[in-house]
Each structure stands twice: as C-alpha cells, then as structure tokens.
$ cat protein20.txt   # compact mmCIF, C-alpha atoms
# COMPACT_ATOMS: atom_id res chain seq x y z
CA MET A 1 -52.97 -66.05 -29.21
CA SER A 2 -53.63 -67.77 -25.89
CA GLU A 3 -54.56 -66.02 -22.67
CA ALA A 4 -51.90 -65.36 -20.05
CA PRO A 5 -51.97 -67.94 -17.25
CA LEU A 6 -53.47 -65.51 -14.77
CA PRO A 7 -55.19 -68.14 -12.61
CA ALA A 8 -51.84 -69.90 -12.14
CA ILE A 9 -50.02 -66.65 -11.38
CA ARG A 10 -52.75 -65.33 -9.11
CA SER A 11 -52.63 -68.50 -7.03
CA LEU A 12 -48.97 -67.94 -6.09
CA PRO A 13 -48.38 -66.68 -2.54
CA SER A 14 -45.70 -64.33 -3.88
CA TRP A 15 -48.23 -62.75 -6.26
CA LEU A 16 -50.82 -62.32 -3.52
CA LEU A 17 -48.27 -60.92 -1.07
CA GLY A 18 -47.09 -58.49 -3.72
CA ARG A 19 -50.64 -57.32 -4.41
CA ALA A 20 -51.36 -56.90 -0.70
CA ALA A 21 -48.08 -55.01 -0.25
CA ALA A 22 -48.88 -52.73 -3.19
CA ARG A 23 -52.32 -51.97 -1.74
CA GLY A 24 -50.80 -51.32 1.69
CA ARG A 25 -48.14 -49.01 0.23
CA ALA A 26 -50.81 -47.10 -1.71
CA LEU A 27 -52.95 -46.63 1.40
CA VAL A 28 -50.00 -45.51 3.54
CA THR A 29 -48.65 -43.26 0.78
CA GLU A 30 -52.04 -41.54 0.53
CA ALA A 31 -52.29 -41.19 4.32
CA LEU A 32 -48.78 -39.72 4.58
CA ALA A 33 -49.50 -37.31 1.74
CA GLY A 34 -52.10 -35.76 4.05
CA GLU A 35 -49.17 -34.75 6.25
CA ASP A 36 -47.12 -33.69 3.19
CA MET A 37 -44.79 -36.64 3.87
CA ARG A 38 -43.40 -39.35 1.60
CA MET A 39 -42.83 -42.99 2.53
CA TRP A 40 -39.01 -42.95 2.76
CA HIS A 41 -39.10 -39.67 4.66
CA HIS A 42 -41.40 -41.32 7.20
CA VAL A 43 -39.14 -44.38 7.44
CA VAL A 44 -36.08 -42.20 8.01
CA LEU A 45 -37.83 -40.06 10.65
CA SER A 46 -38.95 -43.18 12.49
CA ALA A 47 -35.48 -44.74 12.39
CA VAL A 48 -33.83 -41.52 13.54
CA ARG A 49 -36.25 -41.31 16.47
CA ASP A 50 -35.46 -44.91 17.46
CA LEU A 51 -31.68 -44.72 16.98
CA ALA A 52 -30.73 -41.07 17.57
CA PRO A 53 -28.20 -39.81 17.60
CA VAL A 54 -27.27 -42.12 14.74
CA ALA A 55 -24.38 -41.92 12.31
CA GLN A 56 -25.70 -41.25 8.84
CA ALA A 57 -23.95 -44.34 7.42
CA ASP A 58 -25.39 -46.57 10.16
CA LEU A 59 -28.85 -45.14 9.50
CA GLY A 60 -28.61 -46.01 5.80
CA ARG A 61 -27.47 -49.55 6.52
CA GLY A 62 -30.15 -50.00 9.16
CA ILE A 63 -33.02 -49.14 6.82
CA ARG A 64 -31.30 -50.51 3.70
CA LEU A 65 -31.42 -47.26 1.78
CA ASP A 66 -28.73 -46.39 -0.75
CA PRO A 67 -26.41 -43.68 0.68
CA LYS A 68 -27.14 -41.30 -2.22
CA ASP A 69 -30.88 -41.66 -1.70
CA LEU A 70 -30.48 -41.22 2.05
CA VAL A 71 -28.60 -37.95 1.55
CA GLY A 72 -31.49 -36.62 -0.54
CA VAL A 73 -34.07 -37.63 2.06
CA LEU A 74 -31.99 -36.15 4.89
CA ASN A 75 -31.50 -32.92 2.92
CA ASP A 76 -35.29 -32.63 2.54
CA LEU A 77 -35.90 -33.41 6.22
CA GLN A 78 -33.23 -31.00 7.40
CA ALA A 79 -34.48 -28.20 5.12
CA ALA A 80 -37.95 -28.70 6.64
CA GLY A 81 -36.50 -28.46 10.17
CA LEU A 82 -37.36 -32.07 11.03
CA VAL A 83 -33.85 -33.42 11.64
CA VAL A 84 -30.42 -32.03 12.41
CA ARG A 85 -27.07 -33.38 11.29
CA GLU A 86 -24.15 -32.59 13.56
CA PRO A 87 -20.70 -34.04 14.01
CA ASP A 88 -20.98 -37.43 15.73
CA PRO A 89 -19.67 -37.10 19.30
CA LYS A 90 -18.14 -40.60 19.00
CA ASP A 91 -16.38 -39.86 15.70
CA ARG A 92 -16.16 -36.25 14.52
CA ARG A 93 -15.50 -37.43 10.94
CA LYS A 94 -19.11 -38.66 10.73
CA ASN A 95 -22.48 -36.93 10.84
CA ALA A 96 -24.96 -37.91 13.54
CA VAL A 97 -28.63 -37.39 12.81
CA SER A 98 -31.24 -36.46 15.43
CA LEU A 99 -34.91 -35.57 15.37
CA THR A 100 -36.05 -32.03 16.15
CA GLU A 101 -39.14 -31.34 18.26
CA GLN A 102 -40.97 -30.39 15.07
CA GLY A 103 -39.86 -33.70 13.52
CA ALA A 104 -41.10 -35.64 16.55
CA ARG A 105 -44.52 -33.94 16.36
CA LEU A 106 -44.84 -34.66 12.65
CA LEU A 107 -43.72 -38.25 13.15
CA LYS A 108 -46.50 -38.81 15.71
CA ARG A 109 -49.09 -37.56 13.22
CA CYS A 110 -47.59 -39.72 10.45
CA GLU A 111 -47.60 -42.81 12.66
CA LYS A 112 -51.28 -42.23 13.46
CA ALA A 113 -52.06 -41.84 9.74
CA ALA A 114 -50.05 -44.97 8.85
CA ARG A 115 -51.82 -47.01 11.55
CA ALA A 116 -55.20 -45.89 10.20
CA ALA A 117 -54.14 -46.88 6.67
CA ASN A 118 -53.02 -50.30 7.92
CA ASP A 119 -56.30 -50.70 9.78
CA GLU A 120 -58.09 -50.03 6.49
CA LEU A 121 -55.88 -52.61 4.75
CA LEU A 122 -56.67 -55.25 7.36
CA ALA A 123 -60.34 -54.32 7.85
CA PRO A 124 -61.62 -57.57 6.29
CA LEU A 125 -59.81 -59.57 9.01
CA SER A 126 -60.84 -60.21 12.59
CA ALA A 127 -58.48 -59.26 15.41
CA ALA A 128 -57.43 -62.91 15.73
CA GLU A 129 -56.79 -63.17 11.98
CA ARG A 130 -54.71 -59.97 12.07
CA GLY A 131 -52.57 -61.49 14.82
CA GLN A 132 -52.15 -64.72 12.86
CA LEU A 133 -51.26 -62.83 9.69
CA MET A 134 -48.65 -60.76 11.52
CA GLU A 135 -47.10 -63.89 13.04
CA MET A 136 -46.94 -65.59 9.65
CA LEU A 137 -45.53 -62.53 7.91
CA LEU A 138 -42.85 -62.22 10.58
CA ARG A 139 -41.88 -65.87 10.10
CA ILE A 140 -41.76 -65.52 6.31
CA SER A 141 -39.83 -62.25 6.33
CA ALA A 142 -37.36 -63.48 8.96
CA THR A 143 -36.19 -66.21 6.59
CA ALA A 144 -35.19 -63.58 4.03
CA GLU A 145 -32.83 -61.73 6.40

$ encode --input "protein20.txt" --output "structure tokens"
Amino acid sequence: MSEAPLPAIRSLPSWLLGRAAARGRALVTEALAGEDMRMWHHVVLSAVRDLAPVAQADLGRGIRLDPKDLVGVLNDLQAAGLVVREPDPKDRRKNAVSLTEQGARLLKRCEKAARAANDELLAPLSAAERGQLMEMLLRISATAE
C-alpha cells in the first residue's frame, strides 16, 4: 500500500486556506465559549446590530443561513433576552429582529474575544503581512460571490 500524496495535497492553496480557516474557527469558537456564545449566534447578533430592525428572511439571506437554522438561533437568542422579534413596521406579515441592550453588551464582549482570537491566529505575521493577507483574502473571496 502506498502512502497518501500528502505533500501534493498540502501544497495546494485550498488545503492551506482550509487548515488556516479551521484553526481560526477553533480559536474563535473557544473564545466565544468563554462568553457562553456559539459562532452562529455571534454572527446573527452582529448582523442584527448592523441591519436592525431587519426582517428575519432578509437576515437569513444576508448571512447565508438556512431559514430553519436561523429560527433555532433566533429562538435561543430571544430566550436569552438578546434579541426581540416584533412585527416589521414596513410589512406586518414579517418579523423584524432587533438587538436588546443586553444583546449589545454581550456582542461587544464577543467582538473583543473574537478579535483576540484572530490576533492569536495571525501572531506569526507582522502588521504589514497581516494587511497583505487581508487584501489577498478579500480579493480571493470576492471572486466567489
């Protein structure tokens, strides 16, 4: 039996990006756990803060989260007093989601924790290299949109 072609696989940019992304997700997941928060909950809180009041359907499309999954996340966030869902003033048939003061406070702590985790991820890079990496990642990810 021959060995798997790991050197060939490990030299692919997609492999390396995937590994870096997995490490970043693990660091952020651990940091958010310190605030008793999960990754998608943090994403939803951040999007609600930026878009509020936002129709639930528009929120799901904006963050590319399946509507069924979004409902579960919103149920958790609402039960914890972090968001409110009320009839959308523009269309009463829809729910609009907004952040509560408690949600805004928690989001600030989560953002600080996520920034620290990302700083840890990028610690081997200089400030200039971090800027270059961000520019390159933005160019690469923009082509996928």

$ closest_residue --input "protein20.txt" --among "A:Ser141, A:Gly18, A:Val73, A:Leu82" --to "Leu107 in chain A" --atoms "only C-alpha atoms"
A:Leu82

$ closest_residue --input "protein20.txt" --among "A:Asp58, A:Asp69, A:Glu30, A:Asp76" --to "Gly103 in chain A" --atoms "all atoms listed in the file"
A:Asp76

$ atom_distance --input "protein20.txt" --atom1 "CA of Lys108 in chain A" --atom2 "CA of Leu45 in chain A"
10.1 Å

$ residues_around --input "protein20.txt" --residues "Arg23 in chain A" --least-positions-apart "5" --cutoff "12 Å" --atoms "only C-alpha atoms" --output "mmCIF file with C-alpha atoms, in the frame of the given file"
data_model
loop_
_atom_site.group_PDB
_atom_site.id
_atom_site.type_symbol
_atom_site.label_atom_id
_atom_site.label_comp_id
_atom_site.auth_asym_id
_atom_site.auth_seq_id
_atom_site.Cartn_x
_atom_site.Cartn_y
_atom_site.Cartn_z
ATOM 1 C CA LEU A 16 -50.820 -62.320 -3.520
ATOM 2 C CA LEU A 17 -48.270 -60.920 -1.070
ATOM 3 C CA GLY A 18 -47.090 -58.490 -3.720
ATOM 4 C CA VAL A 28 -50.000 -45.510 3.540
ATOM 5 C CA THR A 29 -48.650 -43.260 0.780
ATOM 6 C CA GLU A 30 -52.040 -41.540 0.530
ATOM 7 C CA ALA A 117 -54.140 -46.880 6.670
ATOM 8 C CA ASN A 118 -53.020 -50.300 7.920
ATOM 9 C CA GLU A 120 -58.090 -50.030 6.490
ATOM 10 C CA LEU A 121 -55.880 -52.610 4.750
ATOM 11 C CA LEU A 122 -56.670 -55.250 7.360
#

$ closest_residue --input "protein20.txt" --among "A:Leu65, A:Ala104, A:Met136, A:Ala26" --to "Ser46 in chain A" --atoms "only C-alpha atoms"
A:Ala104

$ residues_near_point --input "protein20.txt" --point "(-53.8, -49.6, 10.3)" --cutoff "12 Å" --atoms "only C-alpha atoms" --output "ChimeraX atom specification"
/A:24-25,27-28,31,110-125,127,130

$ atom_distance --input "protein20.txt" --atom1 "CA of Ser98 in chain A" --atom2 "CA of Val54 in chain A"
6.9 Å

$ atom_distance --input "protein20.txt" --atom1 "CA of Met134 in chain A" --atom2 "CA of Arg64 in chain A"
21.6 Å

$ closest_residue --input "protein20.txt" --among "A:Ala20, A:Ile9, A:Leu74, A:Leu99" --to "Asp50 in chain A" --atoms "only C-alpha atoms"
A:Leu99

$ closest_residue --input "protein20.txt" --among "A:Pro53, A:Ala47, A:His41, A:Val97" --to "Leu77 in chain A" --atoms "all atoms listed in the file"
A:His41

$ closest_residue --input "protein20.txt" --among "A:Ser126, A:Asn75, A:Asn95, A:Thr100" --to "Gln56 in chain A" --atoms "all atoms listed in the file"
A:Asn95

$ axis_aligned_box --input "protein20.txt" --around "range 13-21 of chain A" --padding-each-side "6 Å" --output "lines of an AutoDock Vina configuration file"
center_x = -48.5
center_y = -60.8
center_z = -3.3
size_x = 17.7
size_y = 23.7
size_z = 18.0
